[in-house]
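Source file: my_file.pdb. Holds: PDB, C-alpha atoms and all ligand atoms.
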```pdb
ATOM      1  CA  MET A   1     -14.897   9.140  11.431
ATOM      2  CA  GLU A   2     -12.377  10.956  13.545
ATOM      3  CA  CYS A   3      -8.798  10.686  12.302
ATOM      4  CA  MET A   4      -7.537   8.731  15.344
ATOM      5  CA  GLU A   5     -10.545   6.439  15.118
ATOM      6  CA  VAL A   6      -9.553   5.584  11.536
ATOM      7  CA  ILE A   7      -5.890   5.139  12.431
ATOM      8  CA  GLN A   8      -6.691   2.847  15.344
ATOM      9  CA  GLY A   9      -9.498   0.944  13.642
ATOM     10  CA  ARG A  10      -7.715  -0.006  10.409
ATOM     11  CA  ARG A  11      -6.641  -3.632  10.280
ATOM     12  CA  SER A  12      -5.051  -5.831   7.660
ATOM     13  CA  VAL A  13      -7.910  -7.705   6.023
ATOM     14  CA  ARG A  14      -7.249 -10.994   4.254
ATOM     15  CA  LYS A  15     -10.779 -12.165   3.512
ATOM     16  CA  PHE A  16     -13.092 -10.278   1.176
ATOM     17  CA  LYS A  17     -16.775 -10.399   0.272
ATOM     18  CA  ASP A  18     -17.741 -11.186  -3.284
ATOM     19  CA  ARG A  19     -18.829  -7.597  -3.865
ATOM     20  CA  ALA A  20     -17.559  -5.206  -6.512
ATOM     21  CA  VAL A  21     -15.761  -1.985  -5.676
ATOM     22  CA  GLY A  22     -16.762   0.943  -7.890
ATOM     23  CA  LYS A  23     -14.338   2.935 -10.030
ATOM     24  CA  GLU A  24     -15.219   6.146  -8.170
ATOM     25  CA  ILE A  25     -14.062   4.540  -4.928
ATOM     26  CA  ILE A  26     -10.740   3.580  -6.481
ATOM     27  CA  GLU A  27     -10.359   7.158  -7.686
ATOM     28  CA  GLU A  28     -10.952   8.376  -4.136
ATOM     29  CA  LEU A  29      -8.226   6.038  -2.862
ATOM     30  CA  VAL A  30      -5.770   7.279  -5.454
ATOM     31  CA  LYS A  31      -6.690  10.856  -4.521
ATOM     32  CA  ALA A  32      -5.891  10.020  -0.886
ATOM     33  CA  ALA A  33      -2.491   8.681  -1.982
ATOM     34  CA  GLN A  34      -1.816  11.796  -4.057
ATOM     35  CA  MET A  35      -2.387  13.993  -1.006
ATOM     36  CA  ALA A  36       0.430  12.356   0.958
ATOM     37  CA  PRO A  37       3.643  14.325   1.379
ATOM     38  CA  SER A  38       6.522  13.677  -0.996
ATOM     39  CA  ALA A  39      10.134  14.800  -1.218
ATOM     40  CA  GLY A  40      10.249  18.108  -3.070
ATOM     41  CA  ASN A  41       6.615  17.465  -4.015
ATOM     42  CA  LEU A  42       7.926  15.251  -6.831
ATOM     43  CA  GLN A  43       5.278  12.631  -6.028
ATOM     44  CA  ALA A  44       7.563   9.830  -7.076
ATOM     45  CA  ARG A  45       4.858   7.166  -6.891
ATOM     46  CA  ASP A  46       2.635   5.421  -9.388
ATOM     47  CA  PHE A  47      -0.282   3.043  -8.935
ATOM     48  CA  ILE A  48      -1.364   0.152 -11.126
ATOM     49  CA  ILE A  49      -5.028  -0.806 -10.723
ATOM     50  CA  VAL A  50      -5.779  -4.441 -11.414
ATOM     51  CA  THR A  51      -9.215  -5.959 -11.929
ATOM     52  CA  ASN A  52      -8.318  -8.724 -14.378
ATOM     53  CA  LYS A  53      -8.722 -12.178 -12.833
ATOM     54  CA  ILE A  54      -5.731 -13.750 -14.548
ATOM     55  CA  THR A  55      -3.463 -10.832 -13.646
ATOM     56  CA  LYS A  56      -4.608 -11.144 -10.028
ATOM     57  CA  GLN A  57      -3.769 -14.860 -10.103
ATOM     58  CA  LYS A  58      -0.301 -13.987 -11.395
ATOM     59  CA  LEU A  59       0.087 -11.496  -8.551
ATOM     60  CA  THR A  60      -0.855 -14.210  -6.060
ATOM     61  CA  LYS A  61       1.835 -16.421  -7.558
ATOM     62  CA  ALA A  62       4.407 -13.603  -7.412
ATOM     63  CA  ALA A  63       3.440 -13.038  -3.761
ATOM     64  CA  LEU A  64       4.352 -16.538  -2.599
ATOM     65  CA  GLY A  65       0.828 -17.865  -3.079
ATOM     66  CA  GLN A  66      -0.995 -15.390  -0.799
ATOM     67  CA  SER A  67      -4.297 -16.364  -2.324
ATOM     68  CA  PHE A  68      -6.431 -13.648  -0.752
ATOM     69  CA  ILE A  69      -4.912 -11.301  -3.341
ATOM     70  CA  GLU A  70      -6.860 -12.897  -6.159
ATOM     71  CA  GLN A  71     -10.016 -13.007  -4.019
ATOM     72  CA  ALA A  72     -10.134  -9.211  -3.754
ATOM     73  CA  PRO A  73     -12.177  -7.404  -6.410
ATOM     74  CA  ILE A  74      -9.438  -4.799  -6.883
ATOM     75  CA  VAL A  75      -5.710  -4.989  -6.402
ATOM     76  CA  ILE A  76      -3.493  -1.914  -6.404
ATOM     77  CA  VAL A  77       0.231  -2.195  -7.016
ATOM     78  CA  ALA A  78       2.143   0.757  -5.599
ATOM     79  CA  VAL A  79       5.326   1.649  -7.429
ATOM     80  CA  ALA A  80       8.205   3.861  -6.286
ATOM     81  CA  ASN A  81       9.245   6.009  -9.240
ATOM     82  CA  ILE A  82      12.960   6.284  -8.529
ATOM     83  CA  GLU A  83      13.567   7.820 -11.926
ATOM     84  CA  ARG A  84      11.263  10.772 -11.114
ATOM     85  CA  SER A  85      12.928  11.405  -7.763
ATOM     86  CA  SER A  86      16.567  10.828  -8.710
ATOM     87  CA  ARG A  87      16.356  13.382 -11.525
ATOM     88  CA  ILE A  88      16.555  15.946  -8.735
ATOM     89  CA  TYR A  89      17.806  14.005  -5.756
ATOM     90  CA  ARG A  90      20.369  11.738  -7.456
ATOM     91  CA  SER A  91      21.398   8.925  -5.109
ATOM     92  CA  ARG A  92      18.801   9.943  -2.463
ATOM     93  CA  GLY A  93      16.113   9.398  -5.088
ATOM     94  CA  GLU A  94      15.695   5.706  -4.312
ATOM     95  CA  LEU A  95      15.012   6.341  -0.630
ATOM     96  CA  TYR A  96      12.757   9.316  -1.329
ATOM     97  CA  ALA A  97      10.729   7.525  -3.990
ATOM     98  CA  THR A  98      10.199   4.605  -1.620
ATOM     99  CA  GLN A  99       9.073   7.015   1.083
ATOM    100  CA  ASP A 100       6.805   8.919  -1.333
ATOM    101  CA  ALA A 101       5.168   5.651  -2.342
ATOM    102  CA  THR A 102       4.776   4.316   1.168
ATOM    103  CA  ALA A 103       3.317   7.597   2.498
ATOM    104  CA  GLY A 104       0.760   7.337  -0.314
ATOM    105  CA  ILE A 105       0.026   3.712   0.554
ATOM    106  CA  GLU A 106      -0.764   4.491   4.186
ATOM    107  CA  ASN A 107      -3.128   7.311   3.174
ATOM    108  CA  MET A 108      -4.819   4.870   0.841
ATOM    109  CA  LEU A 109      -5.257   2.199   3.517
ATOM    110  CA  LEU A 110      -6.727   4.718   5.954
ATOM    111  CA  ALA A 111      -9.064   6.226   3.367
ATOM    112  CA  ALA A 112     -10.208   2.733   2.380
ATOM    113  CA  TYR A 113     -11.008   1.868   5.983
ATOM    114  CA  SER A 114     -12.947   5.112   6.436
ATOM    115  CA  MET A 115     -15.076   4.076   3.436
ATOM    116  CA  GLY A 116     -15.841   0.639   4.866
ATOM    117  CA  LEU A 117     -13.260  -1.201   2.764
ATOM    118  CA  GLY A 118     -10.603  -3.666   3.829
ATOM    119  CA  THR A 119      -7.022  -3.713   2.587
ATOM    120  CA  CYS A 120      -3.751  -5.437   3.293
ATOM    121  CA  TRP A 121      -0.260  -4.091   2.626
ATOM    122  CA  ILE A 122       1.646  -6.951   0.999
ATOM    123  CA  GLY A 123       5.386  -6.634   0.839
ATOM    124  CA  ALA A 124       6.386 -10.270   0.413
ATOM    125  CA  PHE A 125       6.567 -10.730  -3.343
ATOM    126  CA  ASP A 126       9.018 -11.268  -6.147
ATOM    127  CA  GLU A 127       9.742  -7.762  -7.425
ATOM    128  CA  ASN A 128      11.160  -8.977 -10.715
ATOM    129  CA  ALA A 129       8.090 -11.094 -11.431
ATOM    130  CA  VAL A 130       5.778  -8.130 -10.720
ATOM    131  CA  SER A 131       7.887  -5.703 -12.776
ATOM    132  CA  GLU A 132       7.845  -8.161 -15.658
ATOM    133  CA  LEU A 133       4.104  -8.775 -15.376
ATOM    134  CA  PHE A 134       3.292  -5.088 -15.871
ATOM    135  CA  GLY A 135       6.267  -4.016 -17.961
ATOM    136  CA  ILE A 136       7.393  -1.675 -15.168
ATOM    137  CA  PRO A 137      10.426   0.230 -16.511
ATOM    138  CA  ASP A 138      13.941   0.443 -15.063
ATOM    139  CA  LYS A 139      14.383   2.715 -12.038
ATOM    140  CA  THR A 140      10.851   2.088 -10.858
ATOM    141  CA  LEU A 141      10.219  -0.408  -8.098
ATOM    142  CA  PRO A 142       6.983  -2.119  -7.065
ATOM    143  CA  VAL A 143       6.850  -1.682  -3.280
ATOM    144  CA  ALA A 144       3.470  -3.069  -2.268
ATOM    145  CA  ILE A 145       0.559  -5.119  -3.519
ATOM    146  CA  ILE A 146      -2.705  -3.961  -1.947
ATOM    147  CA  PRO A 147      -5.857  -6.055  -2.300
ATOM    148  CA  VAL A 148      -8.951  -3.919  -1.756
ATOM    149  CA  GLY A 149     -12.466  -5.179  -1.058
ATOM    150  CA  TYR A 150     -15.342  -5.274   1.377
ATOM    151  CA  PRO A 151     -14.104  -7.124   4.466
ATOM    152  CA  ASP A 152     -15.404 -10.566   5.300
ATOM    153  CA  GLU A 153     -13.552 -10.716   8.607
ATOM    154  CA  GLN A 154     -12.903  -8.395  11.512
ATOM    155  CA  PRO A 155      -9.385  -9.119  12.705
ATOM    156  CA  ALA A 156      -8.335  -8.184  16.218
ATOM    157  CA  MET A 157      -5.518  -5.717  16.582
ATOM    158  CA  PRO A 158      -2.153  -7.471  16.735
ATOM    159  CA  PRO A 159      -0.225  -6.277  19.806
ATOM    160  CA  ARG A 160       1.892  -3.168  19.569
ATOM    161  CA  ILE A 161       5.303  -2.698  21.147
ATOM    162  CA  ALA A 162       4.997  -0.660  24.350
ATOM    163  CA  MET A 163       5.441   3.051  23.769
ATOM    164  CA  GLU A 164       8.255   3.237  26.339
ATOM    165  CA  ARG A 165      10.338   0.927  24.158
ATOM    166  CA  LEU A 166       9.804   2.983  21.022
ATOM    167  CA  VAL A 167      10.107   6.502  22.264
ATOM    168  CA  HIS A 168      13.486   7.959  23.111
ATOM    169  CA  TRP A 169      13.101  11.341  24.697
ATOM    170  CA  GLU A 170      15.834  13.804  23.800
ATOM    171  CA  THR A 171      18.398  11.118  22.870
ATOM    172  CA  TRP A 172      18.646   7.383  22.043
TER     173      TRP A 172
HETATM  174  C1  LIG B 201       6.095  -3.469   4.671
HETATM  175  C2  LIG B 201       4.954  -4.398   5.009
HETATM  176  C3  LIG B 201       4.906  -5.652   4.434
HETATM  177  C4  LIG B 201       3.837  -6.513   4.715
HETATM  178  N1  LIG B 201       3.744  -7.697   4.044
HETATM  179  C5  LIG B 201       2.692  -8.508   4.269
HETATM  180  C6  LIG B 201       2.530  -9.675   3.495
HETATM  181  O1  LIG B 201       3.315  -9.988   2.602
HETATM  182  N2  LIG B 201       1.453 -10.463   3.755
HETATM  183  C7  LIG B 201       0.516 -10.138   4.702
HETATM  184  O2  LIG B 201      -0.427 -10.902   4.876
HETATM  185  N3  LIG B 201       0.641  -9.015   5.443
HETATM  186  C8  LIG B 201       1.695  -8.189   5.245
HETATM  187  N4  LIG B 201       1.796  -7.006   5.933
HETATM  188  C9  LIG B 201       0.761  -6.645   6.935
HETATM  189  C10 LIG B 201       1.262  -6.857   8.360
HETATM  190  O3  LIG B 201       1.322  -8.235   8.634
HETATM  191  C11 LIG B 201       0.318  -6.124   9.327
HETATM  192  O4  LIG B 201       0.287  -4.756   9.018
HETATM  193  C12 LIG B 201       0.762  -6.297  10.787
HETATM  194  O5  LIG B 201       0.662  -7.639  11.194
HETATM  195  C13 LIG B 201      -0.090  -5.444  11.737
HETATM  196  O6  LIG B 201      -1.470  -5.730  11.576
HETATM  197  P1  LIG B 201      -2.516  -4.581  11.211
HETATM  198  O7  LIG B 201      -2.180  -4.074   9.828
HETATM  199  O8  LIG B 201      -3.862  -5.236  11.250
HETATM  200  O9  LIG B 201      -2.393  -3.487  12.218
HETATM  201  C14 LIG B 201       2.834  -6.130   5.657
HETATM  202  C15 LIG B 201       2.891  -4.846   6.218
HETATM  203  C16 LIG B 201       3.924  -3.982   5.890
HETATM  204  C17 LIG B 201       3.919  -2.579   6.457
END
```

So, in terms of structure tokens, how does the structure I just supplied come out?
Amino acid sequence: MECMEVIQGRRSVRKFKDRAVGKEIIEELVKAAQMAPSAGNLQARDFIIVTNKITKQKLTKAALGQSFIEQAPIVIVAVANIERSSRIYRSRGELYATQDATAGIENMLLAAYSMGLGTCWIGAFDENAVSELFGIPDKTLPVAIIPVGYPDEQPAMPPRIAMERLVHWETW
């Protein structure tokens, strides 16, 4: 697929087929995330891959009951590694690690779509509950829960804000 075709075609998918996703596909998604830019190339992002049913149920609970999480065959938790970034960037490390992680997430979502998979970026969850569930250390922050699976729905594109309202030529 052409790059713009992938960018425009990707949708948030919240209904998945009961079909497994192979380990090699997950590795491809992580590779896509690794290729994203990062501040100082520190790659201050980590990914937890979840297949365990009970862990997925706990993630659903931590994410305010968004039950499609546990219906996905694979769930990836993206973590901003503030510790890795702030070693060099001190107080900017938190912002940079979050950006490193989120750049990786978007690559992952696009790569998944290009491989026929559906994903959804989930940001509404209890960070403390997720950190506790996985034993995520201090100075690392879970930023997104991403269910991954073969789509069982084809959502329409939610409307976008008109370009004229977003783009400020030369000045605000
Ligand atoms: C930071 C962030 C947090 C989000 N959190 C949730 C969420 O908790 N639950 C959910 O169903 N979708 C969530 N989404 C997905 C958005 O609802 C979705 O991207 C938006 O409606 C546009 O639809 P599209 O992804 O199909 O283009 C989130 C997206 C982002 C970027």

Would you compute the box with edges along x, y and z of the file around stretch 167-172 of chain A, including every atom the file lists for it and 3 Å extra on each side, and give its centre and edge lengths in Å to one decimal, as JSON?
```
{"center_x": 14.4, "center_y": 10.2, "center_z": 23.4, "size_x": 14.5, "size_y": 13.3, "size_z": 8.7}
```

For the structure provided, state which residues fall under the PyMOL selection byres (((chain A and resi 130-137) around 12) and not hetatm), and present them as a CSV table (one decimal) with C-alpha atoms, keeping the file's coordinate frame.
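To be explicit, this is the file written out as part.csv:
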```csv
chain,number,residue,atom,x,y,z
A,46,ASP,CA,2.6,5.4,-9.4
A,47,PHE,CA,-0.3,3.0,-8.9
A,48,ILE,CA,-1.4,0.2,-11.1
A,49,ILE,CA,-5.0,-0.8,-10.7
A,50,VAL,CA,-5.8,-4.4,-11.4
A,54,ILE,CA,-5.7,-13.8,-14.5
A,55,THR,CA,-3.5,-10.8,-13.6
A,56,LYS,CA,-4.6,-11.1,-10.0
A,57,GLN,CA,-3.8,-14.9,-10.1
A,58,LYS,CA,-0.3,-14.0,-11.4
A,59,LEU,CA,0.1,-11.5,-8.6
A,60,THR,CA,-0.9,-14.2,-6.1
A,61,LYS,CA,1.8,-16.4,-7.6
A,62,ALA,CA,4.4,-13.6,-7.4
A,63,ALA,CA,3.4,-13.0,-3.8
A,64,LEU,CA,4.4,-16.5,-2.6
A,76,ILE,CA,-3.5,-1.9,-6.4
A,77,VAL,CA,0.2,-2.2,-7.0
A,78,ALA,CA,2.1,0.8,-5.6
A,79,VAL,CA,5.3,1.6,-7.4
A,80,ALA,CA,8.2,3.9,-6.3
A,81,ASN,CA,9.2,6.0,-9.2
A,82,ILE,CA,13.0,6.3,-8.5
A,83,GLU,CA,13.6,7.8,-11.9
A,84,ARG,CA,11.3,10.8,-11.1
A,123,GLY,CA,5.4,-6.6,0.8
A,124,ALA,CA,6.4,-10.3,0.4
A,125,PHE,CA,6.6,-10.7,-3.3
A,126,ASP,CA,9.0,-11.3,-6.1
A,127,GLU,CA,9.7,-7.8,-7.4
A,128,ASN,CA,11.2,-9.0,-10.7
A,129,ALA,CA,8.1,-11.1,-11.4
A,138,ASP,CA,13.9,0.4,-15.1
A,139,LYS,CA,14.4,2.7,-12.0
A,140,THR,CA,10.9,2.1,-10.9
A,141,LEU,CA,10.2,-0.4,-8.1
A,142,PRO,CA,7.0,-2.1,-7.1
A,143,VAL,CA,6.8,-1.7,-3.3
A,144,ALA,CA,3.5,-3.1,-2.3
A,145,ILE,CA,0.6,-5.1,-3.5
```

Atomic separation - atom C9 of ligand LIG 201 (chain B) relative to atom CA of A:Leu117, Å:
15.6 Å

Write out as a list in words which residues come within 9 Å of A:Asp18 when counting all atoms listed in the file, dropping same-chain ones fewer than 4 positions away.
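Selected residues are Gln71, Ala72, Pro73, Gly149, Tyr150 and Asp152 of chain A.
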
When you count all atoms listed in the file, which of these residues is closest to A:Met115: A:Ala101, A:Val148, A:Ile69, A:Gln154?
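Nearest to A:Met115: A:Val148.
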